[in-house]
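start-v1.txt follows; it contains compact mmCIF, C-alpha atoms.
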# COMPACT_ATOMS: atom_id res chain seq x y z
CA MET A 1 30.37 134.84 143.80
CA ALA A 2 29.83 135.12 147.55
CA LYS A 3 28.58 131.98 149.32
CA LEU A 4 25.98 132.11 152.07
CA ASP A 5 27.77 129.66 154.42
CA ASP A 6 31.04 131.58 154.26
CA LEU A 7 29.35 134.92 154.86
CA ALA A 8 27.15 133.66 157.69
CA ALA A 9 30.11 132.05 159.46
CA GLN A 10 31.53 135.53 160.12
CA CYS A 11 28.74 136.24 162.63
CA ILE A 12 29.99 135.72 166.22
CA LYS A 13 26.49 136.18 167.71
CA CYS A 14 27.61 139.09 169.91
CA GLY A 15 24.27 140.89 169.67
CA PHE A 16 25.62 144.36 168.87
CA CYS A 17 23.25 144.37 165.91
CA LEU A 18 20.09 144.01 167.95
CA GLU A 19 19.52 147.59 169.05
CA SER A 20 20.36 148.89 165.58
CA CYS A 21 17.70 146.74 163.89
CA PRO A 22 14.37 148.53 163.31
CA THR A 23 12.27 145.35 163.26
CA PHE A 24 13.83 144.08 166.49
CA LEU A 25 13.23 147.48 168.10
CA ILE A 26 9.51 147.38 167.32
CA THR A 27 8.93 143.65 167.99
CA GLY A 28 11.56 142.49 170.50
CA ASP A 29 11.57 139.18 168.60
CA GLU A 30 14.97 137.53 168.11
CA SER A 31 13.85 136.02 164.81
CA GLN A 32 13.26 139.59 163.62
CA SER A 33 16.88 140.55 164.27
CA PRO A 34 19.99 140.18 162.08
CA ARG A 35 21.50 137.62 164.44
CA GLY A 36 18.32 135.58 164.44
CA ARG A 37 17.90 135.72 160.68
CA ILE A 38 21.50 134.68 160.10
CA THR A 39 21.09 131.72 162.45
CA LEU A 40 17.88 130.61 160.76
CA SER A 41 19.36 131.02 157.28
CA ARG A 42 22.52 129.14 158.11
CA GLU A 43 20.55 126.20 159.51
CA ALA A 44 18.12 126.17 156.58
CA ASN A 45 21.00 126.24 154.13
CA ARG A 46 22.70 123.35 155.95
CA LEU A 47 19.54 121.26 155.90
CA GLY A 48 18.58 122.29 152.36
CA ARG A 49 15.08 123.07 153.60
CA TRP A 50 13.73 126.62 153.90
CA ASP A 51 10.65 126.46 156.10
CA GLN A 52 7.87 129.02 156.37
CA ALA A 53 9.15 130.47 159.65
CA THR A 54 12.54 131.24 158.12
CA HIS A 55 10.87 132.71 155.05
CA GLU A 56 8.73 135.01 157.20
CA ALA A 57 11.74 136.11 159.25
CA LEU A 58 13.58 137.07 156.08
CA GLU A 59 10.53 138.74 154.55
CA SER A 60 10.17 140.95 157.62
CA CYS A 61 13.69 142.39 157.16
CA LEU A 62 13.95 145.90 155.75
CA GLY A 63 17.39 145.26 154.31
CA CYS A 64 18.42 148.62 155.78
CA ARG A 65 21.86 147.27 156.78
CA ALA A 66 22.06 149.28 160.00
CA CYS A 67 23.37 146.06 161.51
CA GLU A 68 26.44 146.30 159.27
CA THR A 69 27.26 149.70 160.72
CA ALA A 70 26.92 148.31 164.24
CA CYS A 71 28.72 144.99 163.64
CA PRO A 72 32.27 144.75 165.09
CA SER A 73 33.05 141.70 162.93
CA GLY A 74 32.30 143.18 159.53
CA VAL A 75 29.50 140.75 158.71
CA GLN A 76 28.16 141.46 155.22
CA TYR A 77 24.53 141.07 156.15
CA GLY A 78 23.18 142.59 152.94
CA LYS A 79 24.76 139.83 150.88
CA ILE A 80 23.53 137.15 153.30
CA LEU A 81 19.99 138.50 153.05
CA GLU A 82 19.96 138.53 149.25
CA LEU A 83 21.33 135.00 148.97
CA ALA A 84 18.94 133.68 151.62
CA ARG A 85 15.97 135.38 150.00
CA GLU A 86 16.89 133.82 146.69
CA ALA A 87 16.70 130.39 148.31
CA THR A 88 13.48 130.89 150.25
CA THR A 89 11.64 132.81 147.53
CA LYS A 90 11.88 129.77 145.27
CA GLU A 91 9.76 127.80 147.75
CA HIS A 92 7.59 130.39 149.45
CA GLY A 93 7.57 133.55 147.33
CA ARG A 94 4.32 135.08 146.12
CA ALA A 95 4.08 134.56 142.36
CA ILE A 96 2.85 138.10 141.72
CA ARG A 97 5.92 139.80 143.19
CA LYS A 98 8.36 139.33 140.34
CA PRO A 99 5.91 140.67 137.70
CA PHE A 100 5.24 143.59 140.05
CA LEU A 101 8.97 144.36 140.27
CA ASN A 102 9.38 143.92 136.52
CA ALA A 103 6.69 146.52 135.90
CA LEU A 104 8.07 148.91 138.51
CA THR A 105 11.52 148.88 136.89
CA GLN A 106 10.27 149.67 133.37
CA PRO A 107 9.82 153.46 133.38
CA ASN A 108 7.24 153.69 130.60
CA LEU A 109 5.10 150.98 132.12
CA ALA A 110 5.56 152.38 135.63
CA ARG A 111 4.53 155.86 134.46
CA MET A 112 1.35 154.49 132.91
CA GLN A 113 0.50 152.46 136.01
CA PHE A 114 1.17 155.37 138.38
CA GLY A 115 -1.04 157.60 136.26
CA LEU A 116 -3.90 155.12 136.40
CA ALA A 117 -3.33 154.52 140.13
CA GLY A 118 -3.79 158.23 140.76
CA LEU A 119 -7.42 157.83 139.67
CA LEU A 120 -8.16 155.27 142.39
CA PRO A 121 -10.57 156.25 145.21
CA GLY A 122 -8.65 157.10 148.37
CA GLY A 123 -5.35 157.24 146.51
CA ARG A 124 -4.26 153.74 147.49
CA PRO A 125 -3.90 150.47 145.59
CA PRO A 126 -6.92 148.14 145.81
CA ALA A 127 -7.04 145.97 148.92
CA ILE A 128 -7.16 142.82 146.78
CA LEU A 129 -3.85 143.73 145.12
CA SER A 130 -2.22 144.51 148.46
CA ARG A 131 -3.36 141.18 149.87
CA LEU A 132 -1.87 139.38 146.88
CA LEU A 133 1.45 141.15 147.42
CA SER A 134 1.60 141.13 151.22
CA GLY A 135 -1.41 139.42 152.78
CA GLU A 136 -2.24 142.78 154.44
CA LEU A 137 -4.23 145.91 153.72
CA PRO A 138 -2.31 148.70 151.94
CA GLN A 139 -0.65 151.57 153.80
CA ALA A 140 1.29 153.29 151.01
CA ASP A 141 -0.51 155.73 148.74
CA ALA A 142 -0.30 155.14 145.02
CA PRO A 143 2.71 157.05 143.63
CA ARG A 144 1.91 160.52 142.36
CA LEU A 145 3.22 161.66 139.00
CA PRO A 146 5.06 164.96 139.39
CA SER A 147 4.13 168.46 138.31
CA PRO A 148 6.84 170.66 139.83
CA ALA A 149 7.59 174.17 138.67
CA PRO A 150 10.44 174.16 136.14
CA TRP A 151 13.95 175.28 136.99
CA PRO A 152 14.99 178.59 135.39
CA ALA A 153 17.34 178.36 132.42
CA LEU A 154 21.04 178.13 133.22
CA GLU A 155 23.02 181.15 132.04
CA ASP A 156 26.41 180.41 130.49
CA HIS A 157 28.03 183.41 132.16
CA ASP A 158 27.25 181.86 135.56
CA LEU A 159 28.97 178.57 134.74
CA PRO A 160 32.62 177.51 134.77
CA PRO A 161 34.31 176.12 131.65
CA ALA A 162 33.54 172.44 131.05
CA ARG A 163 36.38 170.23 132.30
CA GLY A 164 35.00 166.76 131.72
CA GLU A 165 32.08 164.43 131.12
CA VAL A 166 30.24 161.96 133.33
CA TYR A 167 27.38 159.55 133.03
CA MET A 168 24.35 160.00 135.28
CA LEU A 169 22.13 157.08 136.26
CA GLU A 170 18.57 158.23 135.65
CA GLY A 171 17.11 155.29 137.55
CA CYS A 172 13.70 153.64 137.24
CA VAL A 173 11.59 155.28 139.93
CA MET A 174 13.69 158.46 139.98
CA ARG A 175 13.16 159.29 136.32
CA VAL A 176 9.40 158.73 136.63
CA LEU A 177 8.56 160.29 140.01
CA TYR A 178 11.42 162.77 140.44
CA PRO A 179 12.75 163.84 137.04
CA ASP A 180 13.36 167.28 138.57
CA VAL A 181 15.94 165.68 140.89
CA ASN A 182 17.78 164.29 137.87
CA GLU A 183 17.66 167.73 136.31
CA ALA A 184 18.97 169.29 139.53
CA THR A 185 21.78 166.73 139.54
CA GLU A 186 22.73 167.61 135.98
CA ARG A 187 22.68 171.32 136.87
CA MET A 188 24.87 170.76 139.93
CA LEU A 189 27.39 168.87 137.84
CA ARG A 190 27.45 171.64 135.28
CA ARG A 191 28.05 174.18 138.05
CA ILE A 192 31.33 172.40 138.86
CA GLY A 193 32.34 171.99 135.24
CA TYR A 194 30.99 168.59 134.22
CA ARG A 195 28.61 167.78 131.40
CA VAL A 196 26.41 164.68 131.41
CA ARG A 197 26.81 162.31 128.48
CA LYS A 198 23.32 161.08 127.63
CA VAL A 199 22.80 157.33 127.36
CA ASN A 200 19.78 155.05 127.24
CA ALA A 201 20.60 152.96 130.31
CA GLY A 202 18.13 150.64 132.01
CA CYS A 203 17.59 149.27 135.51
CA CYS A 204 20.58 148.53 137.78
CA GLY A 205 18.93 145.45 139.35
CA ALA A 206 18.71 146.82 142.90
CA MET A 207 15.05 146.04 143.58
CA HIS A 208 15.31 142.53 142.19
CA ALA A 209 18.50 141.83 144.13
CA HIS A 210 17.04 143.07 147.41
CA SER A 211 14.04 140.79 146.88
CA GLY A 212 16.12 137.71 146.10
CA TYR A 213 15.60 137.56 142.33
CA LEU A 214 19.32 137.40 141.67
CA ALA A 215 19.26 136.03 138.13
CA GLU A 216 17.08 138.92 137.01
CA ALA A 217 19.26 141.40 138.90
CA GLU A 218 22.39 139.95 137.29
CA SER A 219 20.91 140.38 133.82
CA ARG A 220 20.10 144.03 134.52
CA ALA A 221 23.57 144.67 135.92
CA GLN A 222 25.25 143.30 132.82
CA SER A 223 22.98 145.32 130.51
CA LEU A 224 23.66 148.51 132.43
CA ALA A 225 27.40 148.02 132.15
CA GLN A 226 27.09 147.49 128.38
CA ALA A 227 25.26 150.81 128.07
CA MET A 228 28.15 152.70 129.73
CA PRO A 229 31.21 151.02 128.20
CA ASP A 230 34.04 153.51 128.68
CA ASP A 231 35.82 154.88 131.78
CA LEU A 232 33.68 157.92 132.59
CA PRO A 233 32.48 158.27 136.19
CA ILE A 234 28.87 157.24 136.80
CA ILE A 235 27.03 159.68 139.07
CA ILE A 236 24.23 158.17 141.17
CA ASN A 237 21.65 160.18 143.13
CA SER A 238 19.50 157.28 144.40
CA ALA A 239 20.83 155.58 147.52
CA GLY A 240 19.48 152.09 146.77
CA CYS A 241 20.84 152.07 143.23
CA GLY A 242 24.21 153.38 144.35
CA SER A 243 24.59 150.77 147.05
CA THR A 244 23.89 147.96 144.59
CA ILE A 245 26.08 149.23 141.76
CA ARG A 246 29.03 149.99 144.00
CA GLU A 247 28.91 146.35 145.15
CA TYR A 248 28.77 144.74 141.71
CA GLY A 249 31.02 141.70 141.65
CA GLY A 250 29.66 140.30 144.91
CA VAL A 251 26.20 138.71 144.82
CA ILE A 252 25.39 140.14 141.36
CA GLY A 253 27.38 141.88 138.64
CA VAL A 254 29.93 139.12 138.20
CA GLY A 255 33.07 140.54 136.61
CA LEU A 256 31.87 144.15 136.95
CA GLU A 257 34.22 145.25 139.72
CA GLY A 258 35.76 147.86 137.42
CA PHE A 259 32.32 149.22 136.58
CA ALA A 260 31.49 149.37 140.29
CA HIS A 261 34.65 151.40 140.92
CA ARG A 262 33.42 154.03 138.45
CA ALA A 263 30.17 154.52 140.37
CA LYS A 264 30.23 157.77 142.36
CA GLU A 265 27.75 158.85 145.01
CA VAL A 266 26.59 162.28 143.94
CA SER A 267 27.12 164.33 147.11
CA THR A 268 30.61 162.91 147.58
CA PHE A 269 31.55 163.69 143.98
CA LEU A 270 30.17 167.22 144.20
CA LEU A 271 31.94 167.93 147.47
CA GLU A 272 35.26 166.60 146.17
CA HIS A 273 35.02 168.78 143.06
CA GLY A 274 34.33 172.12 144.69
CA LEU A 275 30.57 172.57 144.98
CA ALA A 276 30.75 173.75 148.61
CA ASP A 277 32.69 176.86 147.55
CA ALA A 278 30.16 177.58 144.81
CA LEU A 279 27.30 177.17 147.27
CA ARG A 280 28.84 179.68 149.68
CA ARG A 281 28.71 182.26 146.87
CA SER A 282 25.09 181.42 145.96
CA PRO A 283 22.04 183.46 147.04
CA GLY A 284 21.20 180.68 149.51
CA LEU A 285 17.98 179.97 151.38
CA PRO A 286 17.68 182.66 154.06
CA GLY A 287 15.64 181.72 157.10
CA MET A 288 15.10 178.10 156.13
CA VAL A 289 15.21 175.52 158.92
CA ALA A 290 15.72 171.95 157.70
CA THR A 291 16.58 168.53 159.03
CA TYR A 292 18.28 165.60 157.30
CA HIS A 293 17.14 161.96 157.19
CA ASP A 294 19.87 159.43 156.38
CA ALA A 295 18.68 157.07 153.66
CA CYS A 296 19.69 153.59 154.79
CA HIS A 297 21.50 152.54 151.63
CA LEU A 298 23.40 155.81 151.64
CA LEU A 299 24.51 155.72 155.28
CA HIS A 300 24.71 151.99 156.00
CA GLY A 301 25.15 150.64 152.48
CA GLN A 302 27.58 153.22 151.07
CA LYS A 303 28.91 154.65 154.37
CA VAL A 304 28.12 158.19 153.22
CA LYS A 305 27.22 160.45 156.14
CA ASP A 306 29.14 163.72 156.08
CA PRO A 307 29.18 164.86 152.41
CA PRO A 308 25.45 165.70 152.16
CA ARG A 309 25.60 167.56 155.45
CA ALA A 310 28.73 169.43 154.39
CA LEU A 311 27.07 170.63 151.19
CA LEU A 312 23.84 171.60 152.92
CA GLY A 313 25.86 173.36 155.60
CA ALA A 314 27.49 175.52 152.90
CA ILE A 315 24.13 177.00 151.82
CA PRO A 316 23.86 180.60 153.07
CA GLY A 317 20.94 181.15 155.42
CA LEU A 318 20.04 177.45 155.80
CA SER A 319 19.90 176.17 159.38
CA LEU A 320 20.31 172.38 159.54
CA VAL A 321 19.01 170.91 162.80
CA PRO A 322 19.71 167.31 163.87
CA LEU A 323 17.01 164.68 163.45
CA PRO A 324 16.64 162.20 166.33
CA GLU A 325 17.19 158.64 165.05
CA SER A 326 18.18 160.03 161.66
CA ASP A 327 19.91 156.70 160.97
CA LEU A 328 16.78 154.61 161.67
CA CYS A 329 14.86 153.37 158.62
CA CYS A 330 11.66 155.22 157.75
CA GLY A 331 10.01 151.97 156.62
CA SER A 332 10.04 152.59 152.87
CA ALA A 333 13.06 150.37 152.13
CA GLY A 334 12.47 150.10 148.41
CA THR A 335 9.25 148.07 148.26
CA TYR A 336 9.00 147.19 151.97
CA ASN A 337 5.99 149.47 152.49
CA ILE A 338 4.25 147.44 149.76
CA PHE A 339 5.28 143.96 150.95
CA GLN A 340 5.23 144.63 154.73
CA PRO A 341 2.78 147.53 155.11
CA THR A 342 1.98 147.17 158.82
CA LYS A 343 5.59 147.28 160.01
CA ALA A 344 6.37 150.01 157.48
CA ARG A 345 3.57 152.13 158.92
CA THR A 346 4.88 151.70 162.47
CA LEU A 347 8.33 152.89 161.40
CA LEU A 348 6.90 155.79 159.41
CA GLU A 349 4.96 157.11 162.40
CA ARG A 350 8.09 156.83 164.54
CA LYS A 351 10.07 158.74 161.91
CA TRP A 352 7.42 161.41 161.63
CA ALA A 353 7.30 161.96 165.40
CA ASN A 354 11.04 162.59 165.28
CA VAL A 355 10.63 164.97 162.34
CA GLU A 356 8.00 167.00 164.15
CA SER A 357 10.20 167.21 167.25
CA THR A 358 12.84 169.16 165.29
CA GLY A 359 10.58 172.09 164.41
CA ALA A 360 12.06 172.05 160.90
CA GLY A 361 10.09 173.20 157.89
CA VAL A 362 11.87 170.87 155.46
CA VAL A 363 13.05 167.24 155.61
CA ILE A 364 15.92 166.45 153.26
CA THR A 365 16.89 162.96 152.12
CA GLY A 366 18.84 161.23 149.36
CA ASN A 367 16.57 158.44 148.17
CA PRO A 368 13.30 158.51 146.20
CA GLY A 369 11.62 155.82 148.31
CA CYS A 370 12.30 157.72 151.53
CA GLN A 371 11.15 160.95 149.90
CA ALA A 372 7.81 159.51 148.76
CA TRP A 373 7.09 157.67 152.03
CA ILE A 374 7.94 160.58 154.34
CA ALA A 375 6.04 162.96 152.05
CA GLN A 376 2.98 160.75 152.56
CA ALA A 377 3.34 161.23 156.31
CA ALA A 378 3.59 164.97 155.74
CA ARG A 379 0.31 164.97 153.81
CA GLU A 380 -1.40 162.85 156.44
CA HIS A 381 -0.24 165.22 159.19
CA GLY A 382 -1.34 168.42 157.50
CA GLN A 383 1.62 169.17 155.22
CA VAL A 384 3.38 171.40 157.77
CA VAL A 385 6.76 170.08 156.59
CA GLU A 386 8.04 169.78 153.02
CA VAL A 387 10.09 166.78 151.93
CA ARG A 388 12.86 167.30 149.38
CA HIS A 389 15.77 165.43 147.85
CA THR A 390 19.25 166.72 148.72
CA LEU A 391 19.94 167.75 145.10
CA ASP A 392 16.68 169.66 144.92
CA VAL A 393 17.72 171.77 147.92
CA LEU A 394 21.25 172.32 146.62
CA GLU A 395 19.98 173.64 143.29
CA ALA A 396 17.43 175.80 145.13
CA SER A 397 20.33 177.62 146.75
CA PHE A 398 21.21 178.93 143.28
CA SER A 399 17.82 179.04 141.52
CA GLY A 400 15.30 179.63 144.30
CA TRP A 401 12.75 177.42 146.03
CA ARG A 402 10.28 175.81 143.66
CA VAL A 403 6.61 175.07 144.23
CA GLY A 404 5.62 171.41 143.96
CA GLY A 405 9.03 169.92 144.58
CA GLU A 406 7.69 166.87 146.39
Please, can you express the file's structure as structure tokens?
Amino acid sequence: MAKLDDLAAQCIKCGFCLESCPTFLITGDESQSPRGRITLSREANRLGRWDQATHEALESCLGCRACETACPSGVQYGKILELAREATTKEHGRAIRKPFLNALTQPNLARMQFGLAGLLPGGRPPAILSRLLSGELPQADAPRLPSPAPWPALEDHDLPPARGEVYMLEGCVMRVLYPDVNEATERMLRRIGYRVRKVNAGCCGAMHAHSGYLAEAESRAQSLAQAMPDDLPIIINSAGCGSTIREYGGVIGVGLEGFAHRAKEVSTFLLEHGLADALRRSPGLPGMVATYHDACHLLHGQKVKDPPRALLGAIPGLSLVPLPESDLCCGSAGTYNIFQPTKARTLLERKWANVESTGAGVVITGNPGCQAWIAQAAREHGQVVEVRHTLDVLEASFSGWRVGGE
């Protein structure tokens, strides 16, 4: 198990992290930077006293881990943040947050709550609930249950012979809000010769870990591993889940290093097993202009940058234009737009201004939180740009563009 003191001692206070940190960029406050938060956490841990100022500094962090990409010393900031949040949440955490996370990570309960939330006036959670969770008025719309057009049936004569099996993590939010993305993932795997072995697997623990509820995250990690007991690869299409699972054995997932090694980021797996060649032979998406937003836990957490772009670049007729600040967090950050709505809104508007500057008709990303949050901006700005998951666009190259994919 990683220890906070040992991890924090790796920071040499050089400041390379500052300009990569979204909250420092929008506030200019040292306590809202990785260097500042590490200093505060290290001192609080030494004294055994986590004061309110340190708690607020940690709460304001997105956990995007852009600082890790920028750091020349290899500081594992994500682990520091989770350990520090565990300590400060015990003293200063809002009691309603853990039940909120528990409900969000139970798909049946989440589906029922999202359905009821869709009936709310204005489409947003009640102000009283937002104040209990964050102390601020809400900015995020209530999640919308999906109603996308179905994919056409796969024809056997279009598919290669099966050469193996994999597991696929269905996820908590993904299976409720974007089941079509899971279906697209399964179809992409079949197009390269892999079948998905169905399993009733639960939550990976990512949301609890990122919020500092490490005991609960550990329990979920162990249960997930028990549900997938053999050596099959585990394909993951949600950036936050993938980042957490691939790091089992550190802060959570004690003894699950072997399980973590089996976890495969979906675009990387597809690229390594020949999907780009299949895409080049597909009908493609003629005339489409798209841009790509790097989900933080994909780029900074898992260090995956090129595979999604390589696959998208193989789609005939698709023009992929660069997104300014594509590596800067959109403000969703799991539940950040619920717990820190004002800062999340500032980052969303910055992201949307960059999206509009590209002239693209589609924004592509690899995480459900990013997809939902940027899609909200699209609605608020007149829906001139569609927001889609990477797997949704890849399958569209074969099966055609669907209505209602957001």
Original post:
Restricting the calculation to all atoms listed in the file, which member of A:Ile235, A:Val403, A:Cys11, A:Leu311 is positioned closest to Asn182 (chain A)?
Top reply: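 Looking only at the distances to Asn182 (chain A), the closest residue turns out to be A:Ile235.
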Subject >> Contact residues around Leu270 (chain A) with all atoms listed in the file at 10 Å, ignoring same-chain residues under 5 positions, as a list in words >> reply: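 My reading of the contact set: Thr185, Met188, Leu189, Arg191, Ile192, Ile235, Lys264, Glu265, Leu275, Ala276, Pro307, Pro308 and Leu311 of chain A.
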**OP:** Please provide the set of residues having any atom within 8 Å of Gly171 (chain A), restricted to all atoms listed in the file, with same-chain residues fewer than 4 positions apart removed, written as an NGL selection string.
**Re:** :A and (175 or 202-204 or 238 or 241)
**OP:** For each of A:Gly250, A:Pro233, A:Arg379, A:Leu177, take the minimum atom-to-atom distance to Asn108 (chain A), counting all atoms listed in the file, then give the residue where this is smallest.
**Re:** A:Leu177
Original post:
Hey, can you check how far CA of Lys13 (chain A) sits from CA of Arg35 (chain A)?
Top reply: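 About the pair CA of Lys13 (chain A) and CA of Arg35 (chain A): they are 6.1 Å apart.
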**OP:** Using all atoms listed in the file, find the one residue out of A:Glu91, A:Asp5, A:Glu349, A:Glu155 that sits nearest to Tyr77 (chain A).
**Re:** A:Asp5
**OP:** Mind listing whatever residues come within 9 Å of the point (34.4, 151.4, 157.1)? Use only C-alpha atoms, file coordinates, and give them as number ranges by chain.
**Re:** A: 69, 74, 303
**OP:** For Val362 (chain A), please output as a list of chain:residue names all residues within 8 Å (counting all atoms listed in the file; exclusion window: fewer than 5 positions along the same chain).
**Re:** A:Met288, A:Val289, A:Ala290, A:Thr291, A:Val385, A:Glu386, A:Val387, A:Arg388
**OP:** Name the residues in contact with Ala57 (chain A) at a cut-off of 8 Å, using all atoms listed in the file, excluding same-chain residues fewer than 5 positions from it; report them as a list of chain:residue names.
**Re:** A:Ser31, A:Gln32, A:Arg37
